[in-house]
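Have a look at structure-v9.cif; it's mmCIF, C-alpha atoms and all ligand atoms:
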```cif
data_data
loop_
_atom_site.label_atom_id
_atom_site.label_comp_id
_atom_site.auth_asym_id
_atom_site.auth_seq_id
_atom_site.Cartn_x
_atom_site.Cartn_y
_atom_site.Cartn_z
CA MET A 1 105.51 134.19 84.96
CA SER A 2 105.65 135.75 88.42
CA LYS A 3 108.39 138.09 89.63
CA TYR A 4 108.75 135.67 92.55
CA TRP A 5 109.79 132.73 90.37
CA SER A 6 113.46 131.79 90.51
CA GLU A 7 115.33 131.21 87.26
CA ALA A 8 115.08 127.45 87.96
CA VAL A 9 111.27 127.59 88.31
CA ASN A 10 111.00 129.77 85.22
CA GLY A 11 112.96 127.17 83.22
CA LEU A 12 110.67 124.27 84.15
CA THR A 13 108.39 122.67 81.56
CA PRO A 14 105.16 121.47 83.20
CA TYR A 15 104.10 117.88 82.49
CA VAL A 16 101.93 117.66 79.37
CA PRO A 17 98.41 116.54 80.46
CA GLY A 18 97.90 114.99 76.98
CA GLU A 19 100.19 112.14 78.04
CA GLN A 20 97.34 110.89 80.27
CA PRO A 21 94.29 111.33 78.01
CA LYS A 22 90.75 110.82 79.30
CA ASP A 23 89.63 109.25 75.99
CA THR A 24 89.47 105.49 76.53
CA GLY A 25 89.56 104.68 72.81
CA ILE A 26 93.29 105.41 72.75
CA THR A 27 96.07 102.82 72.68
CA LYS A 28 98.45 104.23 75.23
CA LEU A 29 102.07 103.26 74.58
CA ASN A 30 103.64 106.51 75.76
CA THR A 31 104.39 106.38 79.49
CA ASN A 32 105.73 102.86 80.13
CA GLU A 33 102.83 101.67 82.23
CA ASN A 34 102.17 97.95 82.61
CA PRO A 35 99.33 96.67 80.39
CA TYR A 36 98.31 94.03 82.92
CA PRO A 37 96.35 94.67 86.11
CA PRO A 38 98.09 94.53 89.50
CA SER A 39 98.40 91.17 91.25
CA PRO A 40 95.03 89.72 92.32
CA ALA A 41 96.48 89.74 95.85
CA ALA A 42 96.91 93.54 95.61
CA GLU A 43 93.36 93.90 94.32
CA ALA A 44 92.07 91.81 97.24
CA ALA A 45 94.10 93.86 99.72
CA ILE A 46 92.35 97.01 98.49
CA ARG A 47 88.89 95.43 98.28
CA ASP A 48 89.10 93.88 101.74
CA PHE A 49 90.69 96.88 103.44
CA PRO A 50 88.73 97.76 106.63
CA LEU A 51 87.43 101.20 105.69
CA ASP A 52 87.00 102.33 109.29
CA ARG A 53 90.80 102.40 109.56
CA LEU A 54 90.91 105.24 107.03
CA ARG A 55 89.90 107.73 109.71
CA LEU A 56 93.38 107.27 111.23
CA TYR A 57 96.64 108.63 109.82
CA SER A 58 98.83 106.05 108.11
CA ASP A 59 102.01 104.77 109.76
CA PRO A 60 104.65 107.50 109.31
CA ASP A 61 107.36 104.81 109.24
CA CYS A 62 105.54 102.58 106.69
CA ALA A 63 107.03 99.73 108.74
CA GLU A 64 104.94 96.95 107.22
CA LEU A 65 106.04 97.78 103.68
CA LYS A 66 109.68 98.31 104.65
CA GLN A 67 109.69 94.92 106.37
CA ALA A 68 108.03 93.22 103.37
CA LEU A 69 110.69 94.71 101.07
CA ALA A 70 113.49 93.78 103.48
CA ASP A 71 112.20 90.17 103.53
CA HIS A 72 111.90 90.16 99.74
CA PHE A 73 115.55 91.20 99.28
CA SER A 74 116.91 89.32 102.35
CA LEU A 75 117.91 92.64 103.92
CA GLU A 76 117.02 94.38 107.15
CA LYS A 77 114.39 97.05 107.57
CA LYS A 78 117.10 99.63 108.27
CA ASN A 79 118.31 99.11 104.68
CA VAL A 80 114.97 100.16 103.16
CA PHE A 81 113.47 103.60 102.51
CA VAL A 82 110.02 104.12 100.94
CA GLY A 83 108.44 107.12 99.23
CA ASN A 84 105.50 108.28 97.14
CA GLY A 85 106.75 106.88 93.85
CA SER A 86 110.42 106.61 93.00
CA ASP A 87 110.18 110.22 91.84
CA GLU A 88 109.86 111.28 95.48
CA VAL A 89 112.67 108.93 96.50
CA LEU A 90 114.86 110.42 93.77
CA ALA A 91 114.00 114.00 94.79
CA LEU A 92 114.94 113.27 98.41
CA THR A 93 118.14 111.54 97.26
CA PHE A 94 119.20 114.63 95.33
CA MET A 95 118.45 116.84 98.34
CA ALA A 96 120.20 114.55 100.80
CA PHE A 97 123.37 113.63 98.97
CA PHE A 98 124.18 115.68 95.93
CA ARG A 99 124.74 119.17 97.32
CA GLN A 100 128.45 118.59 97.37
CA GLU A 101 131.51 120.41 96.16
CA HIS A 102 131.96 118.10 93.18
CA PRO A 103 129.53 118.27 90.28
CA LEU A 104 127.15 115.31 90.01
CA LEU A 105 127.90 113.10 87.00
CA LEU A 106 124.97 111.81 84.94
CA PRO A 107 124.40 110.61 81.38
CA GLU A 108 123.52 113.29 78.85
CA THR A 109 120.58 111.18 77.70
CA THR A 110 118.71 109.65 80.62
CA TYR A 111 115.60 110.11 82.75
CA SER A 112 114.75 113.76 82.24
CA PHE A 113 113.99 114.46 85.90
CA TYR A 114 117.63 114.24 87.01
CA ASP A 115 118.66 117.60 85.60
CA VAL A 116 115.30 119.09 86.68
CA TYR A 117 116.15 118.17 90.30
CA CYS A 118 119.68 119.55 89.91
CA ASN A 119 118.36 122.85 88.63
CA LEU A 120 115.69 123.10 91.33
CA TYR A 121 118.05 122.29 94.18
CA ASP A 122 121.00 124.26 92.76
CA ILE A 123 123.17 121.20 92.32
CA GLU A 124 126.07 121.48 89.91
CA TYR A 125 126.12 118.64 87.40
CA LYS A 126 128.06 117.36 84.43
CA GLN A 127 126.32 115.47 81.64
CA ILE A 128 128.37 112.68 80.09
CA PRO A 129 127.54 111.79 76.46
CA LEU A 130 126.41 108.25 75.69
CA CYS A 131 128.46 106.11 73.27
CA ASP A 132 127.38 106.01 69.61
CA ASP A 133 125.33 102.85 70.22
CA PHE A 134 123.50 104.61 73.10
CA SER A 135 125.33 102.58 75.76
CA ILE A 136 126.81 104.06 78.93
CA ASP A 137 130.57 103.58 79.40
CA LEU A 138 131.26 103.83 83.14
CA ASN A 139 134.92 104.53 82.38
CA ASP A 140 133.67 108.01 81.50
CA TYR A 141 132.62 108.46 85.16
CA ALA A 142 136.05 108.08 86.71
CA GLU A 143 136.22 111.44 88.50
CA PRO A 144 137.01 110.58 92.14
CA ASN A 145 134.59 111.89 94.82
CA ALA A 146 131.93 112.94 92.31
CA GLY A 147 128.37 111.80 92.96
CA ILE A 148 127.08 109.60 90.15
CA ILE A 149 123.53 108.74 89.04
CA PHE A 150 122.31 106.67 86.13
CA ALA A 151 119.29 104.58 85.28
CA ASN A 152 119.90 100.88 84.66
CA PRO A 153 118.48 100.01 82.22
CA ASN A 154 118.67 103.54 80.94
CA ALA A 155 115.64 105.52 79.81
CA PRO A 156 114.68 106.26 77.11
CA THR A 157 117.25 104.04 75.38
CA GLY A 158 116.44 100.74 77.13
CA ARG A 159 120.08 99.59 77.23
CA ALA A 160 121.38 97.85 80.35
CA LEU A 161 124.78 97.71 82.03
CA ALA A 162 126.18 94.42 83.38
CA LEU A 163 126.43 94.03 87.15
CA SER A 164 130.21 93.56 86.80
CA GLU A 165 130.51 97.03 85.23
CA ILE A 166 128.64 98.62 88.16
CA GLU A 167 130.73 96.70 90.68
CA ALA A 168 133.94 97.84 88.98
CA LEU A 169 132.72 101.45 89.28
CA LEU A 170 132.05 101.01 93.02
CA GLN A 171 135.51 99.52 93.53
CA ARG A 172 137.22 102.30 91.59
CA ASN A 173 135.21 105.30 92.86
CA THR A 174 135.24 104.40 96.54
CA GLU A 175 134.52 108.01 97.53
CA SER A 176 131.58 108.42 95.15
CA LEU A 177 127.99 107.81 96.08
CA VAL A 178 126.57 105.87 93.14
CA VAL A 179 122.78 105.93 92.70
CA VAL A 180 121.30 103.28 90.39
CA ASP A 181 117.73 103.96 89.30
CA GLU A 182 116.28 100.53 88.52
CA ALA A 183 112.75 101.53 87.50
CA TYR A 184 112.89 99.02 84.60
CA VAL A 185 115.31 96.40 85.93
CA ASP A 186 112.76 93.56 86.17
CA PHE A 187 112.34 93.27 82.40
CA GLY A 188 115.61 91.43 81.83
CA ALA A 189 118.49 93.35 83.44
CA THR A 190 120.43 92.38 86.58
CA SER A 191 119.77 94.35 89.76
CA ALA A 192 122.57 95.90 91.82
CA VAL A 193 120.65 95.17 95.06
CA GLU A 194 122.98 92.29 95.86
CA LEU A 195 125.91 94.74 96.01
CA ILE A 196 124.55 96.73 98.92
CA ASN A 197 125.78 94.27 101.54
CA ARG A 198 129.33 94.65 100.24
CA TYR A 199 129.47 98.34 99.28
CA ASP A 200 128.32 101.28 101.37
CA ASN A 201 128.54 103.70 98.44
CA VAL A 202 125.62 102.44 96.36
CA LEU A 203 121.94 103.30 96.64
CA VAL A 204 119.49 101.33 94.50
CA ILE A 205 116.08 102.85 93.72
CA GLN A 206 113.13 100.81 92.45
CA THR A 207 109.42 101.32 91.90
CA PHE A 208 106.07 99.51 92.00
CA SER A 209 104.96 101.52 88.94
CA LYS A 210 106.30 99.29 86.18
CA SER A 211 106.78 95.55 86.82
CA ARG A 212 104.28 95.55 89.71
CA SER A 213 101.52 97.39 87.79
CA LEU A 214 100.84 99.91 90.57
CA ALA A 215 101.74 103.24 88.96
CA GLY A 216 98.52 104.78 90.29
CA MET A 217 99.43 103.91 93.88
CA ARG A 218 102.71 105.91 93.81
CA VAL A 219 105.10 103.60 95.64
CA GLY A 220 108.88 103.67 95.25
CA TYR A 221 111.77 102.66 97.47
CA ALA A 222 115.51 102.78 97.93
CA VAL A 223 117.78 100.11 99.39
CA GLY A 224 121.28 100.73 100.60
CA HIS A 225 123.64 100.92 103.57
CA GLU A 226 121.82 101.94 106.77
CA ASP A 227 123.66 105.28 106.92
CA LEU A 228 122.36 106.22 103.47
CA ILE A 229 118.83 105.21 104.46
CA ALA A 230 119.14 107.21 107.70
CA GLY A 231 120.18 110.26 105.63
CA LEU A 232 117.07 109.94 103.47
CA GLU A 233 114.86 109.59 106.56
CA ARG A 234 116.38 112.73 108.05
CA VAL A 235 115.59 114.76 104.95
CA LYS A 236 112.09 113.32 104.57
CA ASN A 237 111.17 113.79 108.23
CA SER A 238 112.67 117.23 108.54
CA PHE A 239 109.96 118.71 106.37
CA ASN A 240 107.22 116.32 107.44
CA SER A 241 106.81 114.84 104.00
CA TYR A 242 103.81 112.52 103.63
CA PRO A 243 104.02 108.84 104.44
CA LEU A 244 102.42 106.48 101.96
CA ASP A 245 98.68 106.16 102.25
CA MET A 246 97.14 103.02 103.76
CA LEU A 247 95.86 101.57 100.49
CA ALA A 248 99.24 102.12 98.82
CA ILE A 249 100.92 100.25 101.67
CA ALA A 250 98.38 97.39 101.71
CA SER A 251 98.45 96.84 97.93
CA SER A 252 102.21 97.06 97.54
CA VAL A 253 102.83 94.68 100.46
CA ALA A 254 100.52 92.18 98.73
CA ALA A 255 102.15 92.78 95.33
CA ILE A 256 105.74 92.24 96.51
CA LYS A 257 104.75 88.90 98.03
CA ASP A 258 103.11 87.61 94.84
CA ASP A 259 106.16 86.37 93.00
CA ALA A 260 104.30 83.97 90.69
CA TYR A 261 102.11 86.70 89.18
CA PHE A 262 105.11 89.04 88.88
CA ARG A 263 107.10 86.42 86.97
CA GLU A 264 104.21 85.55 84.69
CA THR A 265 103.43 89.16 83.70
CA THR A 266 107.04 90.32 83.30
CA GLN A 267 107.74 87.29 81.10
CA LYS A 268 104.68 88.08 78.96
CA ILE A 269 105.98 91.63 78.48
CA ILE A 270 109.47 90.38 77.57
CA ASP A 271 107.98 87.94 75.00
CA THR A 272 105.81 90.70 73.52
CA ARG A 273 108.84 93.01 73.36
CA GLU A 274 110.74 90.42 71.34
CA TRP A 275 107.80 89.92 69.00
CA THR A 276 107.41 93.69 68.53
CA GLU A 277 111.09 94.23 67.85
CA LYS A 278 110.98 91.65 65.03
CA ALA A 279 107.75 93.04 63.59
CA LEU A 280 109.20 96.58 63.58
CA ALA A 281 112.41 95.34 61.90
CA GLU A 282 110.28 93.96 59.05
CA LEU A 283 108.84 97.46 58.60
CA GLY A 284 112.28 99.09 58.36
CA PHE A 285 112.85 100.12 61.99
CA VAL A 286 116.21 99.86 63.73
CA THR A 287 115.77 99.25 67.47
CA VAL A 288 118.24 99.63 70.32
CA PRO A 289 118.57 96.35 72.31
CA SER A 290 116.12 96.72 75.21
CA LYS A 291 115.98 95.24 78.71
CA THR A 292 112.89 97.28 79.59
CA ASN A 293 109.16 97.42 78.91
CA PHE A 294 109.72 99.80 76.00
CA LEU A 295 111.60 99.99 72.69
CA PHE A 296 113.72 102.90 71.48
CA THR A 297 113.52 102.76 67.74
CA SER A 298 113.96 104.77 64.56
CA HIS A 299 112.81 104.18 61.00
CA ARG A 300 115.33 104.02 58.17
CA TYR A 301 113.45 106.55 56.01
CA VAL A 302 110.54 108.15 57.85
CA GLU A 303 111.15 110.83 60.47
CA ALA A 304 110.17 109.97 64.04
CA ALA A 305 108.15 113.18 64.51
CA GLU A 306 106.11 112.37 61.41
CA LEU A 307 105.43 108.83 62.66
CA MET A 308 104.46 110.05 66.12
CA GLY A 309 101.93 112.45 64.56
CA PHE A 310 100.59 109.75 62.24
CA LEU A 311 100.13 107.32 65.13
CA ARG A 312 98.50 109.99 67.29
CA ALA A 313 96.05 110.82 64.47
CA ASN A 314 95.19 107.11 64.52
CA LYS A 315 94.72 107.06 68.30
CA VAL A 316 98.00 105.34 69.16
CA LEU A 317 100.18 107.32 71.57
CA VAL A 318 103.95 106.81 71.60
CA ARG A 319 106.68 109.09 72.94
CA HIS A 320 108.90 111.34 70.86
CA PHE A 321 111.64 113.54 72.31
CA SER A 322 112.65 116.78 70.65
CA LYS A 323 116.10 116.68 72.27
CA PRO A 324 118.88 116.78 69.64
CA GLY A 325 120.61 113.41 69.27
CA ILE A 326 117.48 111.39 70.06
CA ASP A 327 114.96 113.39 68.05
CA ASN A 328 114.71 110.77 65.32
CA HIS A 329 113.70 108.02 67.73
CA LEU A 330 110.38 106.90 69.16
CA ARG A 331 109.99 105.31 72.57
CA ILE A 332 107.24 102.72 72.41
CA THR A 333 105.87 101.08 75.57
CA ILE A 334 105.20 97.35 75.35
CA GLY A 335 101.49 96.74 75.79
CA THR A 336 99.48 93.56 75.33
CA PRO A 337 100.07 91.44 72.18
CA GLU A 338 96.81 92.86 70.77
CA GLU A 339 97.95 96.45 71.34
CA MET A 340 101.29 95.78 69.66
CA GLN A 341 99.55 94.14 66.70
CA LEU A 342 97.42 97.27 66.40
CA LEU A 343 100.56 99.44 66.48
CA VAL A 344 102.16 97.40 63.70
CA ASP A 345 98.95 97.36 61.60
CA THR A 346 98.64 101.14 61.99
CA LEU A 347 102.27 101.73 60.97
CA LYS A 348 101.72 99.57 57.87
CA ARG A 349 99.09 102.07 56.75
CA HIS A 350 101.65 104.91 56.63
CA PRO A 351 102.22 105.73 52.94
CA ASP A 352 106.03 105.65 53.25
CA ILE A 353 106.29 102.38 55.16
CA ILE A 354 106.67 99.37 52.92
CA SER A 355 105.91 95.99 54.46
N1 LIG B 1 112.99 106.46 87.02
C1 LIG B 1 112.82 106.31 85.71
C2 LIG B 1 113.99 105.96 84.86
C3 LIG B 1 111.54 106.49 85.14
O1 LIG B 1 111.36 106.36 83.82
C4 LIG B 1 110.45 106.85 85.98
C5 LIG B 1 109.05 107.12 85.48
N2 LIG B 1 108.69 106.86 84.30
C6 LIG B 1 110.70 106.99 87.34
C7 LIG B 1 111.97 106.78 87.83
C8 LIG B 1 109.61 107.41 88.30
O2 LIG B 1 108.65 106.45 88.47
P1 LIG B 1 107.62 106.45 89.70
O3 LIG B 1 107.67 107.80 90.33
O4 LIG B 1 106.31 106.13 89.09
O5 LIG B 1 108.11 105.39 90.64
#
```

What is this file in structure tokens?
Amino acid sequence: MSKYWSEAVNGLTPYVPGEQPKDTGITKLNTNENPYPPSPAAEAAIRDFPLDRLRLYSDPDCAELKQALADHFSLEKKNVFVGNGSDEVLALTFMAFFRQEHPLLLPETTYSFYDVYCNLYDIEYKQIPLCDDFSIDLNDYAEPNAGIIFANPNAPTGRALALSEIEALLQRNTESLVVVDEAYVDFGATSAVELINRYDNVLVIQTFSKSRSLAGMRVGYAVGHEDLIAGLERVKNSFNSYPLDMLAIASSVAAIKDDAYFRETTQKIIDTREWTEKALAELGFVTVPSKTNFLFTSHRYVEAAELMGFLRANKVLVRHFSKPGIDNHLRITIGTPEEMQLLVDTLKRHPDIIS
């Protein structure tokens, strides 16, 4: 620790490098990546990219990608913001909009970066407990004027809110900016993107990392009313933050246009999720209903930490959280059918699991 670190920096826990192991013999079901390769169109866009163009800086406006996203959602370019992964879009959102006099409301159990950003940027926040079944009840977010952020579907629980619930929140909290993080929305939930033409108080954030299989390219985006997008641009440009690189732009433009491949791979993941949920139930697991590419599950008798260690010893990585309230659950990413079969076969070898 350095004497120059603020309390917020001192309290940070650096990302564990073990989550991205170099060993290729590992079945990696711990960070919600897509098991399928990116669209062949994205691969071709990278392969065929004219390398001589790399000597130039990339377009600071990322206009081609913004326009492709605007076309995809039937919006205008002024409604689209892009960043280096949705993590960067989220960070800029916190900086731009949540330094306000009212504390930001967020679920107590959700994507762990939200309170990290609050602490780093000195934003006051209030964590709202989930219901007993791990669902979010938006009636608990009624405080007028407060900023609100949640992930839909939520992470790490996998539960989704209905669009009607989000719309009711926007109608009730007309003075609140509501940010919906839809990193996992394509695996069976309903997106709030269609609300942005009717409500100027909602910002929807999505990513190419999950359903588009481009986590390594670091591409995320926000869509919302043009004034919200202009606010994000002001913050991003005021400290000369990096535009996306040329290969990230080329591959994500190709990926967003390849709807057939997107549908095929997301459906495969949904089918595999349903298979895995049933297979885990037969082994004594109780799983929260998921609309994502992961399952949040606990075993009736065997502790989650024990199972995580057992799987790790057998070269299968899953995620376990030590946070009280969710510390007896595992979060398991949906991989290929073969990977999920391997997970189930490995679990069957645990001495306390009876199949
Ligand atoms: N939101 C949620 C809920 C996430 O789980 C993640 C990453 N796992 C992100 C945002 C960030 O994703 P990325 O930066 O890869 O777009």

In terms of the shortest atom-to-atom distance over only C-alpha atoms, which of A:Glu182, A:Asp259, A:Asp200, A:Asp52 is closest to Leu170 of chain A? A:Asp200

Would you work out the distance separating atom CA of Phe113 of chain A from atom CA of Gly220 of chain A, expressed in Å to one decimal? 15.2 Å

Distance table requested - chain A against ligand LIG 1 (chain B), cut-off 7 Å, all atoms listed in the file: one row per qualifying residue with the closest atom pair and its distance in Å to one decimal, ordered by chain and rising residue number, as CSV.
```
residue,atom,partner,partner_atom,distance
A:Thr31,CA,B:LIG1,N2,6.5
A:Asn32,CA,B:LIG1,N2,6.5
A:Gly85,CA,B:LIG1,O3,3.8
A:Ser86,CA,B:LIG1,O5,3.5
A:Asp87,CA,B:LIG1,O3,3.8
A:Glu88,CA,B:LIG1,O3,6.6
A:Tyr111,CA,B:LIG1,C2,4.9
A:Ala151,CA,B:LIG1,C2,5.5
A:Asn154,CA,B:LIG1,C2,6.6
A:Ala155,CA,B:LIG1,C2,5.3
A:Asp181,CA,B:LIG1,N1,5.8
A:Glu182,CA,B:LIG1,C2,6.9
A:Ala183,CA,B:LIG1,N1,5.0
A:Thr207,CA,B:LIG1,O5,4.5
A:Phe208,CA,B:LIG1,O5,6.4
A:Ser209,CA,B:LIG1,O4,4.8
A:Ala215,CA,B:LIG1,O4,5.4
A:Arg218,CA,B:LIG1,O4,5.9
A:Val219,CA,B:LIG1,O5,6.1
A:Gly220,CA,B:LIG1,O5,5.0
```

Which residues of segment 19-125 of chain A come within 6 Å of segment 295-317 of chain A, and what is each one's closest atom pair and distance in Å (one decimal), counting only C-alpha atoms, sorted by chain and residue number, as CSV?
```
residue,atom,partner,partner_atom,distance
A:Ile26,CA,A:Lys315,CA,5.0
A:Thr27,CA,A:Val316,CA,4.7
A:Lys28,CA,A:Leu317,CA,5.1
A:Leu29,CA,A:Leu317,CA,5.4
A:Asn30,CA,A:Leu317,CA,5.5
```

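With distances restricted to only C-alpha atoms, A:Val82 is the closest residue to Pro60 of chain A from A:Ile353, A:Ala255, A:Leu232, A:Val82.
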
How close does segment 63-146 of chain A get to segment 243-249 of chain A? List, as CSV, each residue of segment 63-146 of chain A within 10 Å, its nearest atom pair and the distance in Å to one decimal, counting all atoms listed in the file.
```
residue,atom,partner,partner_atom,distance
A:Ala63,CA,A:Ile249,CA,9.4
A:Glu64,CA,A:Ile249,CA,7.6
A:Leu65,CA,A:Ile249,CA,6.0
A:Lys66,CA,A:Ile249,CA,9.5
A:Val82,CA,A:Leu244,CA,8.0
A:Gly83,CA,A:Leu244,CA,6.6
A:Asn84,CA,A:Leu244,CA,6.0
A:Gly85,CA,A:Leu244,CA,9.2
```

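The gap separating atom CA of Pro103 of chain A from atom CA of Gly147 of chain A is 7.1 Å, in Å to one decimal.
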
Starting from the point (111.3, 113.1, 101.9), work out which residues of protein, DNA or RNA have an atom no more than 10 Å away when counting all atoms listed in the file; state them as a PDB file with C-alpha atoms, keeping the file's coordinate frame.
```
ATOM      1  CA  PHE A  81     113.470 103.600 102.510  1.00  0.00           C
ATOM      2  CA  VAL A  82     110.020 104.120 100.940  1.00  0.00           C
ATOM      3  CA  GLY A  83     108.440 107.120  99.230  1.00  0.00           C
ATOM      4  CA  ASN A  84     105.500 108.280  97.140  1.00  0.00           C
ATOM      5  CA  GLU A  88     109.860 111.280  95.480  1.00  0.00           C
ATOM      6  CA  VAL A  89     112.670 108.930  96.500  1.00  0.00           C
ATOM      7  CA  LEU A  90     114.860 110.420  93.770  1.00  0.00           C
ATOM      8  CA  ALA A  91     114.000 114.000  94.790  1.00  0.00           C
ATOM      9  CA  LEU A  92     114.940 113.270  98.410  1.00  0.00           C
ATOM     10  CA  THR A  93     118.140 111.540  97.260  1.00  0.00           C
ATOM     11  CA  MET A  95     118.450 116.840  98.340  1.00  0.00           C
ATOM     12  CA  ALA A  96     120.200 114.550 100.800  1.00  0.00           C
ATOM     13  CA  LEU A 232     117.070 109.940 103.470  1.00  0.00           C
ATOM     14  CA  GLU A 233     114.860 109.590 106.560  1.00  0.00           C
ATOM     15  CA  ARG A 234     116.380 112.730 108.050  1.00  0.00           C
ATOM     16  CA  VAL A 235     115.590 114.760 104.950  1.00  0.00           C
ATOM     17  CA  LYS A 236     112.090 113.320 104.570  1.00  0.00           C
ATOM     18  CA  ASN A 237     111.170 113.790 108.230  1.00  0.00           C
ATOM     19  CA  SER A 238     112.670 117.230 108.540  1.00  0.00           C
ATOM     20  CA  PHE A 239     109.960 118.710 106.370  1.00  0.00           C
ATOM     21  CA  ASN A 240     107.220 116.320 107.440  1.00  0.00           C
ATOM     22  CA  SER A 241     106.810 114.840 104.000  1.00  0.00           C
ATOM     23  CA  TYR A 242     103.810 112.520 103.630  1.00  0.00           C
ATOM     24  CA  PRO A 243     104.020 108.840 104.440  1.00  0.00           C
TER      25      PRO A 243
END
```

Taking all atoms of segment 318-328 of chain A that the file lists and extending 3 Å past them on each side, where is the centre of the axis-aligned box and how long are its edges? Answer in Å to one decimal, as lines of an AutoDock Vina configuration file.
```
center_x = 112.3
center_y = 111.8
center_z = 69.1
size_x = 22.7
size_y = 16.0
size_z = 13.6
```

Between A:Leu120, A:Ala260, A:Val318, A:Ile326, which has the minimum distance to Glu108 of chain A (counting only C-alpha atoms)?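 Comparing A:Leu120, A:Ala260, A:Val318, A:Ile326 against Glu108 of chain A, the winner is A:Ile326.
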
Do a neighbour search on Val178 of chain A at 12 Å with only C-alpha atoms, toss out local chain neighbours closer than 5 positions, and write the hits as a tab-separated table (two decimals) with C-alpha atoms, keeping the file's coordinate frame.
```tsv
chain	number	residue	atom	x	y	z
A	93	THR	CA	118.14	111.54	97.26
A	94	PHE	CA	119.20	114.63	95.33
A	97	PHE	CA	123.37	113.63	98.97
A	98	PHE	CA	124.18	115.68	95.93
A	104	LEU	CA	127.15	115.31	90.01
A	105	LEU	CA	127.90	113.10	87.00
A	106	LEU	CA	124.97	111.81	84.94
A	138	LEU	CA	131.26	103.83	83.14
A	141	TYR	CA	132.62	108.46	85.16
A	142	ALA	CA	136.05	108.08	86.71
A	144	PRO	CA	137.01	110.58	92.14
A	145	ASN	CA	134.59	111.89	94.82
A	146	ALA	CA	131.93	112.94	92.31
A	147	GLY	CA	128.37	111.80	92.96
A	148	ILE	CA	127.08	109.60	90.15
A	149	ILE	CA	123.53	108.74	89.04
A	150	PHE	CA	122.31	106.67	86.13
A	151	ALA	CA	119.29	104.58	85.28
A	152	ASN	CA	119.90	100.88	84.66
A	166	ILE	CA	128.64	98.62	88.16
A	167	GLU	CA	130.73	96.70	90.68
A	168	ALA	CA	133.94	97.84	88.98
A	169	LEU	CA	132.72	101.45	89.28
A	170	LEU	CA	132.05	101.01	93.02
A	171	GLN	CA	135.51	99.52	93.53
A	172	ARG	CA	137.22	102.30	91.59
A	173	ASN	CA	135.21	105.30	92.86
A	192	ALA	CA	122.57	95.90	91.82
A	195	LEU	CA	125.91	94.74	96.01
A	196	ILE	CA	124.55	96.73	98.92
A	199	TYR	CA	129.47	98.34	99.28
A	200	ASP	CA	128.32	101.28	101.37
A	201	ASN	CA	128.54	103.70	98.44
A	202	VAL	CA	125.62	102.44	96.36
A	203	LEU	CA	121.94	103.30	96.64
A	204	VAL	CA	119.49	101.33	94.50
A	205	ILE	CA	116.08	102.85	93.72
A	224	GLY	CA	121.28	100.73	100.60
A	225	HIS	CA	123.64	100.92	103.57
A	228	LEU	CA	122.36	106.22	103.47
```

One decimal, in Å: what's the spacing between atom CA of Asn10 of chain A and atom CA of Asp122 of chain A?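 So the two atoms, atom CA of Asn10 of chain A and atom CA of Asp122 of chain A, lie 13.7 Å apart.
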
Have a look at A:Lys3, A:Leu177, A:Gln100, A:Leu69 and name the one nearest to Tyr125 of chain A; count all atoms listed in the file. A:Gln100
